[in-house]
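Data first, discussion second: the structure below is written as structure tokens.
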Amino acid sequence: MKYLLILVSMLSVASLNADTSDMKTETVPAKVQTVTVPSTSTINVNYPACTKDHVSSEKTHGHTPAPVVAEVKDVETQEDVLEAEEKMLISVVGQGVAPMNTSSPAQAYALAKRAAVADAYRLIAEKVKGVRIDGQDLIKNMMVKRSTVRTSVAAMVRNANIVETTFKEGLCEVEMEIVISHAQFK
Amino acid sequence: MQKCDGKPYKPIIFETRDDKNLRKILTTNNEEFIDYIHKLGLSVEHKDKTKNFQYSSTTILTLKTTCFKVDFNDNFVRISPLK
């Protein structure tokens, strides 16, 4: 009887071992599946966390991996600062359009140029002194009824020079420069 | 017209062609004179408005109040602002 009990217990242990070994052999192909499935997608291949297996599987499939563009650069625009005892050149291009009802092409040119010069002065004033901006939105019943943006600038400009004037297809462009020094703002 | 004091500086010279009429001389050389007078000082006032995405703008250029000394010679006129 004792031998019978020992034999039964030995058989159950052997069968348990056999079950676990079967389980192991089943899990291996499952792992292979989880590896091979993402390798077909091209998006995840180039992530830095990817293993070599993924890359090799990519190579076998013949896909060329896309270059990794994951660099995030801090784009900081440095504002020009006018240091003491130094000068700064400011250059702008003003634009002006000739009116439709002019009595001659010469008048159209003259008016377009005048508008372009005024625009250039305005741009210089905006660059040197800055722009005041006022905005107002009127919303009724959760809908925008009126949206208004107003900008304004007022400045005195001296010694600005016209560098170049071009007139093409009714548009006049005037390039204007001004040299500002630190002493002017004292 | 009022009397002004000051020292002349930075003159501009135009040909008169035997004409003593200053207005006429300036009209003839208006481009050159406007560029010159703008350099002396110009007040810029700009306002623009964008209402419901429709843009409108006004720019007013005002010349600085300046006194000038005007000398007529035989064939030239010398215009100098006073400081």
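Numbering starts fresh at 1 for the residues of each chain in the structure tokens, the chains themselves are lettered A, B, ... in the order given, and ligands are numbered from 1 as they appear.
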List as a list in words the protein and nucleic acid residues near Val179 (chain A), meaning an atom at most 8 Å away when only C-alpha atoms are counted, but skip any in the same chain fewer than 4 places from it.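 Returned residues: Lys87, Met88, Leu89, Ile90, Asn159 and Ala160 of chain A.
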Pull N, CA and C atoms from the residues just selected and write them as a PDB file, in the first residue's frame.
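Listing of selection-v3.pdb after writing:
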ATOM      1  N   LYS A  87      26.421 102.147 -32.488  1.00  0.00           N
ATOM      2  CA  LYS A  87      25.359 102.566 -33.400  1.00  0.00           C
ATOM      3  C   LYS A  87      24.684 101.337 -33.985  1.00  0.00           C
ATOM      4  N   MET A  88      23.431 101.528 -34.364  1.00  0.00           N
ATOM      5  CA  MET A  88      22.688 100.406 -34.943  1.00  0.00           C
ATOM      6  C   MET A  88      22.006 100.858 -36.232  1.00  0.00           C
ATOM      7  N   LEU A  89      22.115 100.036 -37.242  1.00  0.00           N
ATOM      8  CA  LEU A  89      21.484 100.344 -38.526  1.00  0.00           C
ATOM      9  C   LEU A  89      20.158  99.593 -38.614  1.00  0.00           C
ATOM     10  N   ILE A  90      19.114 100.355 -38.869  1.00  0.00           N
ATOM     11  CA  ILE A  90      17.797  99.733 -39.035  1.00  0.00           C
ATOM     12  C   ILE A  90      17.372  99.923 -40.480  1.00  0.00           C
ATOM     13  N   ASN A 159      16.747 111.933 -39.909  1.00  0.00           N
ATOM     14  CA  ASN A 159      17.917 111.397 -40.625  1.00  0.00           C
ATOM     15  C   ASN A 159      17.741 109.984 -41.175  1.00  0.00           C
ATOM     16  N   ALA A 160      16.539 109.699 -41.662  1.00  0.00           N
ATOM     17  CA  ALA A 160      16.322 108.422 -42.351  1.00  0.00           C
ATOM     18  C   ALA A 160      16.671 108.606 -43.824  1.00  0.00           C
TER      19      ALA A 160
END
How would you write, as an MDAnalysis selection string, the set of residues in chain B that DSSP gives as strand (DSSP E or B)? chainID B and resid 8 12:15 42:51 54:63 68:72 76:82
Which chain A residues are at most 6 Å from chain B (counting only C-alpha atoms), as an MDAnalysis selection string? chainID A and resid 147:160
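If you measure from each of A:Glu83, A:Ser91, A:Asn101, A:Lys113 to Lys127 (chain A) using only C-alpha atoms, the closest one turns out to be A:Ser91.
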Shell of 7 Å around Ser80 (chain B), only C-alpha atoms, local chain residues under 6 positions omitted, as a list of chain:residue names: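 Close residues of Ser80 (chain B): B:Pro8, B:Tyr9, B:Lys10, B:Pro11, B:Ile12, B:Phe68, B:Lys69, B:Val70.
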Step one, run DSSP on the backbone; step two, keep only residues of chain B assigned to alpha helix (DSSP H); then write them as number ranges by chain. B: 22-28, 30-40
For the residues in that selection, give me C-alpha atoms as a PDB file, in the first residue's frame.
ATOM      1  CA  LEU B  22      10.881 130.403 -53.737  1.00  0.00           C
ATOM      2  CA  ARG B  23       7.619 128.481 -54.059  1.00  0.00           C
ATOM      3  CA  LYS B  24       8.309 127.873 -57.743  1.00  0.00           C
ATOM      4  CA  ILE B  25      11.860 126.746 -57.046  1.00  0.00           C
ATOM      5  CA  LEU B  26      10.669 124.328 -54.380  1.00  0.00           C
ATOM      6  CA  THR B  27       7.947 122.978 -56.665  1.00  0.00           C
ATOM      7  CA  THR B  28      10.510 122.367 -59.370  1.00  0.00           C
ATOM      8  CA  ASN B  30      10.045 119.086 -54.797  1.00  0.00           C
ATOM      9  CA  GLU B  31      11.356 115.498 -54.631  1.00  0.00           C
ATOM     10  CA  GLU B  32      14.781 116.608 -53.484  1.00  0.00           C
ATOM     11  CA  PHE B  33      13.409 119.169 -51.049  1.00  0.00           C
ATOM     12  CA  ILE B  34      10.934 116.714 -49.491  1.00  0.00           C
ATOM     13  CA  ASP B  35      13.697 114.145 -48.946  1.00  0.00           C
ATOM     14  CA  TYR B  36      15.840 116.847 -47.384  1.00  0.00           C
ATOM     15  CA  ILE B  37      13.138 118.257 -45.140  1.00  0.00           C
ATOM     16  CA  HIS B  38      12.113 114.795 -43.984  1.00  0.00           C
ATOM     17  CA  LYS B  39      15.639 114.226 -42.758  1.00  0.00           C
ATOM     18  CA  LEU B  40      15.431 117.290 -40.539  1.00  0.00           C
TER      19      LEU B  40
END
Please, what distance in Å, to one decimal, runs between CA of Phe167 (chain A) and CA of Ser103 (chain A)?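 Atom-to-atom, CA of Phe167 (chain A) to CA of Ser103 (chain A), that is 17.6 Å.
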